[in-house]
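This is entry-v3.txt. It holds compact mmCIF, C-alpha atoms and all ligand atoms.
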```
# COMPACT_ATOMS: atom_id res chain seq x y z
CA MET A 296 -17.92 20.43 41.24
CA LEU A 297 -20.99 18.85 39.70
CA LYS A 298 -20.65 15.54 37.89
CA ASN A 299 -21.92 17.15 34.64
CA GLU A 300 -19.29 19.91 34.87
CA LEU A 301 -16.53 17.32 35.31
CA TYR A 302 -17.85 15.43 32.30
CA LEU A 303 -17.80 18.65 30.25
CA LEU A 304 -14.22 19.35 31.31
CA ASP A 305 -13.18 15.85 30.17
CA ILE A 306 -14.73 16.45 26.74
CA LEU A 307 -13.04 19.86 26.45
CA SER A 308 -9.68 18.31 27.37
CA ILE A 309 -10.09 15.64 24.68
CA ILE A 310 -10.96 18.29 22.08
CA ILE A 311 -7.95 20.43 23.01
CA ILE A 312 -5.53 17.44 22.95
CA THR A 313 -6.89 16.22 19.58
CA LYS A 314 -6.63 19.72 18.06
CA THR A 315 -3.06 20.04 19.35
CA ILE A 316 -2.00 16.69 17.85
CA LEU A 317 -3.70 17.36 14.49
CA GLY A 318 -2.37 20.92 14.44
CA GLY A 319 1.12 19.60 15.11
CA LEU A 320 0.91 17.13 12.25
CA ILE A 321 -0.28 19.76 9.77
CA MET A 322 2.33 22.26 10.98
CA LYS A 323 5.01 19.60 10.50
CA PHE A 324 4.58 19.75 6.73
CA ASN A 325 4.45 23.54 6.49
CA ARG A 326 8.24 23.58 6.58
CA PRO A 327 10.85 21.25 5.00
CA CYS A 328 11.38 18.07 6.96
CA SER A 329 12.95 14.64 6.52
CA PHE A 330 12.44 10.99 7.42
CA ASP A 331 14.86 8.06 7.47
CA PHE A 332 14.14 4.86 5.52
CA ASP A 333 16.50 1.89 5.69
CA LEU A 334 17.58 0.85 2.18
CA THR A 335 17.38 -2.87 2.97
CA THR A 336 14.49 -3.24 5.40
CA GLY A 337 12.57 -0.16 4.27
CA LEU A 338 11.75 0.57 7.91
CA SER A 339 11.85 4.05 9.43
CA SER A 340 12.76 5.01 12.98
CA SER A 341 10.90 8.31 12.65
CA ALA A 342 7.47 7.07 11.58
CA VAL A 343 5.02 4.27 12.36
CA SER A 344 4.07 1.85 9.58
CA LYS A 345 0.65 0.54 8.71
CA LYS A 346 0.55 -3.25 8.67
CA ARG A 347 -1.45 -5.57 6.48
CA TYR A 348 -1.97 -9.24 7.33
CA LEU A 349 -3.34 -12.06 5.19
CA SER A 350 -6.57 -11.55 7.12
CA ASP A 351 -6.85 -8.19 5.31
CA LEU A 352 -6.81 -9.94 1.91
CA LYS A 353 -9.94 -12.09 2.15
CA ASN A 354 -10.88 -13.80 -1.13
CA MET A 355 -8.08 -12.04 -3.01
CA TYR A 356 -5.91 -15.15 -3.49
CA GLN A 357 -6.96 -18.15 -5.56
CA ASP A 358 -6.62 -20.58 -2.67
CA GLU A 359 -8.89 -19.13 0.01
CA GLU A 360 -8.53 -22.27 2.15
CA ALA A 361 -4.74 -21.92 2.20
CA ARG A 362 -5.04 -18.21 3.09
CA LEU A 363 -7.38 -18.93 6.00
CA LYS A 364 -4.85 -21.31 7.58
CA ILE A 365 -2.16 -18.62 7.73
CA GLU A 366 -4.21 -15.42 7.93
CA SER A 367 -2.30 -14.02 10.93
CA ARG A 368 0.81 -13.71 8.73
CA LEU A 369 2.17 -10.18 8.26
CA THR A 370 2.23 -9.70 4.49
CA TYR A 371 3.22 -6.08 3.99
CA GLU A 372 3.62 -2.73 5.67
CA TYR A 373 3.90 0.83 4.41
CA TYR A 374 4.21 4.37 5.67
CA ASP A 375 1.46 6.93 5.58
CA LEU A 376 3.20 10.00 6.93
CA GLY A 377 -0.02 11.95 7.22
CA LEU A 378 0.64 14.58 4.58
CA PRO A 379 -2.42 16.73 3.97
CA GLU A 380 -4.44 15.19 1.14
CA GLU A 381 -4.48 18.48 -0.75
CA ALA A 382 -3.56 19.64 -4.24
CA GLY A 383 0.11 20.56 -4.41
CA GLU A 384 1.21 18.09 -1.73
CA LEU A 385 3.19 14.89 -2.36
CA SER A 386 2.69 11.70 -0.39
CA PHE A 387 5.75 9.50 -0.09
CA GLY A 388 7.23 6.65 1.91
CA THR A 389 8.38 3.08 1.66
CA SER A 390 6.41 -0.10 1.20
CA ILE A 391 7.72 -3.47 2.35
CA LEU A 392 6.20 -6.66 0.92
CA TYR A 393 7.43 -9.79 2.68
CA PRO A 394 8.31 -12.95 0.72
CA GLY A 395 6.04 -15.96 0.78
CA LYS A 396 3.18 -17.66 -1.01
CA VAL A 397 -0.45 -18.56 -0.47
CA GLY A 398 -0.76 -21.92 -2.19
CA ASN A 399 1.39 -21.34 -5.27
CA GLU A 400 0.52 -17.64 -5.54
CA TYR A 401 3.15 -15.12 -4.54
CA HIS A 402 2.56 -12.56 -1.79
CA MET A 403 0.99 -9.39 -3.14
CA THR A 404 -0.49 -6.11 -1.99
CA LYS A 405 -4.24 -5.46 -2.24
CA GLY A 406 -3.75 -3.13 -5.19
CA HIS A 407 -5.84 -0.10 -6.02
CA PHE A 408 -6.88 2.51 -8.54
CA HIS A 409 -6.47 6.12 -7.54
CA GLN A 410 -9.80 7.79 -6.84
CA ARG A 411 -8.61 10.67 -9.01
CA ILE A 412 -8.05 8.29 -11.89
CA ASP A 413 -5.73 10.70 -13.74
CA THR A 414 -3.07 10.58 -10.98
CA PRO A 415 0.17 8.66 -11.68
CA GLU A 416 2.69 7.31 -9.18
CA VAL A 417 6.39 6.43 -9.09
CA TYR A 418 7.85 3.39 -7.32
CA TYR A 419 11.60 3.04 -6.93
CA GLY A 420 13.06 -0.39 -6.07
CA LEU A 421 15.38 -0.41 -3.04
CA SER A 422 15.83 -4.12 -2.30
CA GLY A 423 14.37 -7.51 -3.12
CA GLU A 424 12.73 -8.43 -6.39
CA GLY A 425 9.26 -8.68 -7.79
CA TYR A 426 6.78 -7.05 -10.11
CA MET A 427 4.34 -4.21 -10.35
CA LEU A 428 1.18 -5.58 -11.97
CA MET A 429 -0.92 -2.88 -13.64
CA GLU A 430 -4.15 -2.66 -15.62
CA ASN A 431 -6.48 0.06 -16.73
CA MET A 432 -10.28 0.20 -17.04
CA GLU A 433 -10.02 -0.49 -20.78
CA GLY A 434 -8.32 -3.83 -20.09
CA ASP A 435 -4.70 -3.01 -20.90
CA VAL A 436 -2.59 -5.23 -18.60
CA CYS A 437 1.15 -5.06 -18.05
CA TRP A 438 3.77 -5.84 -15.45
CA GLU A 439 7.16 -4.28 -14.83
CA LYS A 440 10.06 -5.78 -12.90
CA ILE A 441 10.91 -4.14 -9.57
CA THR A 442 14.59 -4.50 -8.70
CA PRO A 443 16.99 -2.28 -6.72
CA GLY A 444 17.67 0.84 -8.76
CA ASN A 445 14.69 0.36 -11.10
CA ALA A 446 11.92 2.97 -11.12
CA VAL A 447 8.43 1.96 -12.23
CA TYR A 448 6.11 4.64 -13.56
CA VAL A 449 2.47 3.79 -12.91
CA ALA A 450 0.79 5.83 -15.60
CA LYS A 451 -2.47 7.61 -14.84
CA GLY A 452 -5.53 5.36 -15.05
CA TYR A 453 -3.73 2.15 -14.08
CA ALA A 454 -4.54 0.06 -10.99
CA HIS A 455 -1.35 -1.23 -9.41
CA ARG A 456 -0.31 -4.12 -7.16
CA MET A 457 3.14 -5.21 -5.98
CA ILE A 458 4.10 -8.90 -6.10
CA ASN A 459 7.12 -10.36 -4.31
CA THR A 460 8.61 -13.20 -6.38
CA GLY A 461 11.89 -13.34 -4.46
CA THR A 462 13.10 -14.70 -1.15
CA ASP A 463 13.81 -11.33 0.54
CA PRO A 464 11.49 -8.45 1.44
CA LEU A 465 10.58 -6.37 -1.59
CA VAL A 466 11.20 -2.76 -0.59
CA VAL A 467 10.22 0.28 -2.65
CA PHE A 468 10.02 4.03 -2.21
CA TYR A 469 6.88 5.61 -3.65
CA THR A 470 5.51 9.07 -4.25
CA TYR A 471 2.24 10.41 -5.67
CA GLU A 472 0.04 13.49 -5.52
CA ALA A 473 -1.36 13.54 -1.99
CA ASN A 474 -4.93 14.17 -3.09
CA ALA A 475 -5.00 11.10 -5.41
CA GLY A 476 -7.24 9.09 -3.08
CA HIS A 477 -7.44 5.29 -3.09
CA ASP A 478 -10.08 3.08 -4.66
CA TYR A 479 -9.57 -0.41 -3.20
CA GLN A 480 -13.18 -1.47 -3.73
CA THR A 481 -13.00 -1.93 -7.52
CA ILE A 482 -10.18 -4.44 -7.08
CA LEU A 483 -11.98 -6.15 -4.17
CA ASP A 484 -15.05 -6.53 -6.39
CA LYS A 485 -13.37 -7.49 -9.66
CA GLY A 486 -9.79 -8.59 -8.94
CA PHE A 487 -6.96 -8.05 -11.42
CA ARG A 488 -7.20 -9.71 -14.82
CA LYS A 489 -3.90 -11.55 -14.20
CA ILE A 490 -2.38 -13.35 -11.23
CA CYS A 491 1.23 -14.36 -10.59
CA LEU A 492 1.91 -18.02 -9.75
CA ASP A 493 5.04 -19.98 -8.95
CA ASN A 494 5.45 -22.55 -11.71
CA ASN A 495 9.18 -23.19 -11.34
CA GLY A 496 9.42 -19.39 -11.27
CA PRO A 497 6.91 -16.58 -11.70
CA VAL A 498 4.32 -16.85 -14.46
CA PHE A 499 1.40 -14.51 -15.12
CA VAL A 500 -1.84 -16.28 -16.01
CA ASP A 501 -5.48 -15.26 -16.42
CA ASN A 502 -7.28 -14.80 -13.10
CA PRO A 503 -10.15 -17.32 -12.99
CA LYS A 504 -11.85 -15.21 -10.29
CA TRP A 505 -11.81 -12.01 -12.35
CA LYS A 506 -15.23 -10.42 -12.76
CA GLU A 507 -16.02 -8.14 -15.71
FE FE B 601 -1.18 4.17 -5.70
```
Write out the structure in this file as structure tokens.
Amino acid sequence: MLKNELYLLDILSIIIITKTILGGLIMKFNRPCSFDFDLTTGLSSSAVSKKRYLSDLKNMYQDEEARLKIESRLTYEYYDLGLPEEAGELSFGTSILYPGKVGNEYHMTKGHFHQRIDTPEVYYGLSGEGYMLMENMEGDVCWEKITPGNAVYVAKGYAHRMINTGTDPLVVFYTYEANAGHDYQTILDKGFRKICLDNNGPVFVDNPKWKE
């Protein structure tokens, strides 16, 4: 067989395998299904989590020097189960934010707006303790406590970020319309108006790095 024909066969095989995997994933959600999530660790044995390290949060903490020294630290992980990002679908999963600080600033997630700005989200606390920090484009800022058994409603239009102020992993279950989309860039560019520092306990103060 010619070298070119072998090459073509390789490409065809890759296409067929990729289509089979993608087809399988889409088929999976055509019928009811279930996933396990541990109530304490938040981890699932039936899905693979996405991991975020301090290296993924460049310039997001006040003390960039402190972050650089520990940037290989796993900060949080969450599940993206691969639901089709289509109207009528619901994305869901757990998010696990590990305890710790960068300087005197508590561990936090990147935070984001939804690309479809009118899409809300629900977070339900499973274990650990912390806050959901939220703000909208008009400058309304608020934060709600996340504790086991407490559900936080992130109203449409509000960017949201989890903050772990405790000593255990902060574990939540979340769900939102699957076609919400994520806008991380606005937060990367501007930051949140408030930050959460440890001053003998959590305090929210103005973010000196915030850009209008
Ligand atoms: Fe969200």
7 Å from ligand FE 601 (chain B) is the threshold here; counting only C-alpha atoms and all ligand atoms, which polymer residues fall inside it? Answer as a PDB file with C-alpha atoms, in the coordinates of the input.
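Here's the written file pocket-v2.pdb:
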```
ATOM      1  CA  HIS A 407      -5.840  -0.100  -6.020  1.00  0.00           C
ATOM      2  CA  PHE A 408      -6.880   2.510  -8.540  1.00  0.00           C
ATOM      3  CA  HIS A 409      -6.470   6.120  -7.540  1.00  0.00           C
ATOM      4  CA  GLU A 416       2.690   7.310  -9.180  1.00  0.00           C
ATOM      5  CA  HIS A 455      -1.350  -1.230  -9.410  1.00  0.00           C
ATOM      6  CA  HIS A 477      -7.440   5.290  -3.090  1.00  0.00           C
TER       7      HIS A 477
END
```
Within 7 Å of (-1.3, -16.8, -6.1) (file coordinates; all atoms listed in the file), which protein or nucleic acid residues are there? I'd like them as an NGL selection string. :A and (356-357 or 396-401 or 490-492)
Under the rule that only C-alpha atoms are counted, which of A:Leu369, A:Val466, A:Ala473, A:Met457 is the nearest residue to A:Thr414?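 Of all the options, A:Ala473 lies closest to A:Thr414.
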Name the residues in contact with stretch 429-439 of chain A at a cut-off of 8 Å, using only C-alpha atoms, excluding same-chain residues fewer than 4 positions from it; report them as a ChimeraX atom specification. /A:447,449,452-456,487-489
Expected axis-aligned box over every listed atom of stretch 423-430 of chain A, 4 Å added per side, centre plus edges in Å to one decimal, as JSON:
```
{"center_x": 5.1, "center_y": -5.7, "center_z": -9.4, "size_x": 26.5, "size_y": 14.0, "size_z": 20.5}
```
A:Tyr348, A:Tyr371, A:Phe387, A:Tyr393: which is nearest A:Phe330, counting all atoms listed in the file?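 For A:Phe330, the nearest of the given residues is A:Phe387.
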